[in-house]
Each structure stands twice: as C-alpha cells, then as structure tokens.
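Trainee: Handing you this structure, nothing more for now.
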Amino acid sequence: GEGFIPDHRMGYAMSRYRFLTLDCYGTLIDWRAGIAEHLGSILRRHGVDPAPEALLRIYVEEEHRLESGPYRRYREILAESARAVASRFAVRISDEEAWAFADSLPGWPPFPDTVDGLKALGGMGFRRVILSNVDRDLLAETIRRHGLEVDGAVTAEDTRTYKPNPRHWLAFCSRYTVRREEVLHIAQSLLHDIRPAIRLQLDCVWLNRYREPIPEDVRPTPMFYDLDALAGWLLTS
C-alpha cells in the first residue's frame with residue numbers, strides 16, 4: 001500500500017469533514033474476488049471457465065441492467081445476475097446455484113487494509129457511514145463476519161433505489177442532519193459513486209482499488225489506492 005495508518009493516539013484529524021460515507025462492495029470488500037470465486041466456480045461446474053476480466057465485465061453489465069429497472073431486493077438482483085451471466089455463456093444454472101451465489105456475498109473478502117483502516121478513521125474522529133447497493137441483512141452479516149467498525153449505513157433496501165440514483169446521499173443527509181461540506185464520500189466505482197457524487201457537488205475521493213486509468217471527467221478528484229494513503233491525506237486536509 002501507500003502511506004500509513006495513523007495511530008489514533010496522534011489525535012483527531014484537523015479536517016473540515018465530520019462524516020465519511022463509504023461504499024462497501026468494491027471499496028471495503030473485494031467484490032471482484034468474490035464474483036470470480038463464487039460465480040466462477042458455478043460456471044466451471046458447467047464446463048465454462050471465462051477469464052476473470054470477461055466474467056466481471058459481463059456481470060457488471062447484467063447487474064446494472066437489473067438495478068436500472070423496478071426496485072427488487074439485492075438478493076434477487078444477485079441471483080438473477082448470476083442466471084443472466086450464465087446464459088451469456090450458453091449455460092443454464094439451477095435456482096439453487098443462483099441463490100447460493102447470492103448467499104455467498106457476506107463471505108467475500110475484505111481488502112487487506114479495510115479492518116484496520118476503518119478503525120484508524122474512527123480513531124481520528126470521523127463518523128463512518130456505509131452507503132451500499134445491498135439489503136440490510138446482507139450488509140449486517142458482512143459487517144459482523146469481518147468485524148468492520150462503522151457508525152451507520154444507508155442501503156438500497158432503505159431507499160428502494162440503487163446508486164447512481166442520488167437517494168442514498170439524500171437519505172443520509174436527512175438522517176444525520178449534516179451539511180454537504182462536512183461530508184466526504186469514498187468509493188471505488190466511478191459509475192455508481194464518484195460521478196453521481198460529483199454531480200451532487202459532494203467532495204469525494206476515488207479509492208482506485210483496481211488501479212484503473214484516471215478518466216478526464218473525474219479530475220481533479222483526489223485518488224488513492226488504499227485506506228492508508230487516504231488516512232494520511234485526511235490528517236492534512
């Protein structure tokens with residue numbers, strides 16, 4: 001990683017931000033690894049072994065298509081995305097396999113810096129609130145299983161919408177009665193998080209977990225590769 005995790009004994013960050021809103025899957029949890037392992041293993045049982053990059057690209061297309069339609073719980077989105085991806089590889093998976101993929105979500109691995117990074121940010125005095133395209137129970141189990149230290153959450157089940165729809169941010173601001181300038185949004189997805197946050201005129205940080213090229217339309221948004229470097233920046237921001 002880059003930077004360092006500041007010791008909370010160093011005191012509170014001298015920052016104008018009070019709240020850090022964070023995406024979860026892709027930002028705190030390595031969702032690419034989860035998809036590659038769990039959906040990939042289902043496809044391999046049916047004789048198909050796509051490259052992880054191809055599997056991910058098709059999965060993102062299908063999930064976004066489903067999230068753009070009428071609201072359905074994320075567990076259903078996960079299962080239906082698995083069926084849709086399989087069909088694009090000319091495979092038909094069972095309902096049991098589709099639901100098993102959905103149930104696997106809380107077991108997807110956190111990034112190596114996530115647990116300690118969240119603790120460090122809390123020790124610096126920030127309130128950490130997850131904004132996630134997920135069901136409440138799936139997020140609660142993810143937090144419990146991995147010991148993620150957070151102060152609250154707004155889910156798709158709460159808003160009945162999926163990011164990039166702005167309702168996650170609107171619900172957060174309403175629930176916590178916070179001024180826009182006191183909030184920093186942190187996320188990996190340009191589609192679901194960074195671009196809509198910019199449109200809402202929110203300060204945001206692109207946590208570029210997968211070291212993607214930096215598009216011109218998100219400059220000059222600060223970018224870091226891990227929470228360690230972000231924490232170091234927050235000490236001086």
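Every chain in the structure tokens takes a letter, A first, then B, and so on in the order presented; its residues are numbered from 1, and the ligands are numbered from 1 following the presented order.
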Would you list the contacts of stretch 86-97 of chain A as a compact mmCIF listing (two decimals) with N, CA and C atoms, in the first residue's frame, taking every protein, DNA or RNA residue within 12 Å and counting only C-alpha atoms, but skipping same-chain residues closer than 6 positions in sequence?

Mentor:
# COMPACT_ATOMS: atom_id res chain seq x y z
N HIS A 38 -16.91 -17.19 -6.58
CA HIS A 38 -18.18 -17.87 -6.35
C HIS A 38 -18.99 -18.08 -7.63
N LEU A 39 -19.10 -17.05 -8.48
CA LEU A 39 -19.79 -17.25 -9.75
C LEU A 39 -18.93 -18.05 -10.70
N GLY A 40 -17.62 -17.79 -10.64
CA GLY A 40 -16.71 -18.57 -11.49
C GLY A 40 -16.78 -20.06 -11.21
N SER A 41 -16.89 -20.43 -9.93
CA SER A 41 -16.94 -21.86 -9.59
C SER A 41 -18.23 -22.51 -10.09
N ILE A 42 -19.33 -21.75 -10.06
CA ILE A 42 -20.59 -22.28 -10.59
C ILE A 42 -20.46 -22.54 -12.09
N LEU A 43 -19.89 -21.57 -12.81
CA LEU A 43 -19.74 -21.75 -14.25
C LEU A 43 -18.80 -22.90 -14.57
N ARG A 44 -17.74 -23.05 -13.78
CA ARG A 44 -16.80 -24.14 -14.05
C ARG A 44 -17.46 -25.51 -13.88
N ARG A 45 -18.41 -25.60 -12.96
CA ARG A 45 -19.13 -26.87 -12.80
C ARG A 45 -19.94 -27.21 -14.05
N HIS A 46 -20.25 -26.18 -14.84
CA HIS A 46 -20.99 -26.39 -16.09
C HIS A 46 -20.07 -26.40 -17.31
N GLY A 47 -18.77 -26.49 -17.07
CA GLY A 47 -17.82 -26.65 -18.17
C GLY A 47 -17.37 -25.36 -18.83
N VAL A 48 -17.63 -24.21 -18.18
CA VAL A 48 -17.23 -22.91 -18.73
C VAL A 48 -16.26 -22.25 -17.74
N ASP A 49 -15.14 -21.74 -18.25
CA ASP A 49 -14.15 -21.12 -17.38
C ASP A 49 -13.68 -19.80 -17.99
N PRO A 50 -14.53 -18.75 -17.91
CA PRO A 50 -14.16 -17.48 -18.52
C PRO A 50 -13.02 -16.79 -17.76
N ALA A 51 -12.27 -15.96 -18.48
CA ALA A 51 -11.26 -15.13 -17.83
C ALA A 51 -11.96 -14.21 -16.82
N ALA A 54 -13.40 -10.98 -18.31
CA ALA A 54 -14.61 -11.14 -19.11
C ALA A 54 -15.81 -11.41 -18.22
N LEU A 55 -15.63 -12.25 -17.22
CA LEU A 55 -16.71 -12.54 -16.29
C LEU A 55 -17.17 -11.27 -15.59
N ARG A 57 -16.79 -8.09 -16.55
CA ARG A 57 -17.40 -7.13 -17.47
C ARG A 57 -18.86 -7.49 -17.73
N ILE A 58 -19.13 -8.76 -17.98
CA ILE A 58 -20.49 -9.19 -18.26
C ILE A 58 -21.36 -9.09 -17.01
N TYR A 59 -20.79 -9.44 -15.87
CA TYR A 59 -21.55 -9.33 -14.62
C TYR A 59 -21.97 -7.88 -14.36
N GLU A 61 -22.43 -5.48 -16.48
CA GLU A 61 -23.48 -5.11 -17.44
C GLU A 61 -24.84 -5.64 -16.99
N GLU A 62 -24.89 -6.89 -16.61
CA GLU A 62 -26.17 -7.50 -16.26
C GLU A 62 -26.71 -6.95 -14.94
N GLU A 76 -32.23 -10.76 -4.81
CA GLU A 76 -32.82 -11.17 -6.09
C GLU A 76 -31.97 -10.70 -7.26
N LEU A 78 -28.73 -10.29 -7.24
CA LEU A 78 -27.57 -11.17 -7.31
C LEU A 78 -27.91 -12.48 -8.01
N ALA A 79 -29.00 -13.09 -7.59
CA ALA A 79 -29.38 -14.38 -8.18
C ALA A 79 -29.70 -14.25 -9.66
N GLU A 80 -30.48 -13.20 -10.01
CA GLU A 80 -30.85 -13.02 -11.41
C GLU A 80 -29.64 -12.63 -12.26
N ASP A 103 -26.19 -15.85 -1.56
CA ASP A 103 -25.89 -16.10 -0.15
C ASP A 103 -24.40 -15.99 0.16
N SER A 104 -23.55 -16.08 -0.88
CA SER A 104 -22.10 -16.04 -0.65
C SER A 104 -21.59 -14.64 -0.34

Trainee: List every residue of stretch 45-202 of chain A that DSSP, applied to the backbone of this structure, places in alpha helix (DSSP H), and write the result as a ChimeraX atom specification.

Mentor: /A:45,52-67,74-88,95-103,114-123,136-146,156-159,167-176,195-199

Trainee: Could I get the residues of stretch 103-156 of chain A with an atom no further than 12 Å from an atom of stretch 179-201 of chain A, each paired with its nearest atom pair and that distance in Å to one decimal, using only C-alpha atoms, sorted by chain and residue number, as a Markdown table?

Mentor:
| residue | atom | partner | partner_atom | distance |
| --- | --- | --- | --- | --- |
| A:Leu118 | CA | A:Ile186 | CA | 11.9 |
| A:Phe126 | CA | A:Val183 | CA | 9.9 |
| A:Arg127 | CA | A:Val183 | CA | 9.7 |
| A:Arg128 | CA | A:Leu184 | CA | 9.9 |
| A:Val129 | CA | A:His185 | CA | 9.5 |
| A:Ile130 | CA | A:Ile186 | CA | 9.5 |
| A:Leu131 | CA | A:His185 | CA | 9.1 |
| A:Ser132 | CA | A:Asp193 | CA | 9.7 |
| A:Asn133 | CA | A:His192 | CA | 9.0 |

Trainee: Taking the chain letters and numbering used in this document, name the residues of stretch 40-221 of chain A that DSSP puts in strand (DSSP E), as an NGL selection string.

Mentor: :A and (127-132 or 152-155 or 183-187 or 203-207)

Trainee: Can you measure atom CA of A:Thr142 to atom CA of A:Gly107 for me? One decimal in Å is fine.

Mentor: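 Those two atoms sit 6.9 Å apart.
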
Trainee: Using only C-alpha atoms, can you tell me which of A:Thr21, A:Ser68, A:Thr177, A:Ser15 comes closest to A:Gly152?

Mentor: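 Of A:Thr21, A:Ser68, A:Thr177, A:Ser15, the one nearest A:Gly152, counting only C-alpha atoms, is A:Thr21.
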
Trainee: Could you work out how far atom CA of A:Ala171 lies from atom CA of A:Leu202, giving the answer in Å with one decimal?

Mentor: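 So the two atoms, atom CA of A:Leu202 and atom CA of A:Ala171, lie 14.2 Å apart.
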
Trainee: Between A:Thr236, A:Ser174, A:Thr161, A:Ser81, single out the one closest to A:Trp99, counting only C-alpha atoms.

Mentor: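 Of A:Thr236, A:Ser174, A:Thr161, A:Ser81, the one nearest A:Trp99 is A:Ser81, counting only C-alpha atoms.
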
Trainee: Which of these residues is nearest to A:Ile29, using only C-alpha atoms: A:Phe111, A:Phe101, A:Tyr225, A:Trp169?

Mentor: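 Among the listed residues, A:Phe111 lies closest to A:Ile29.
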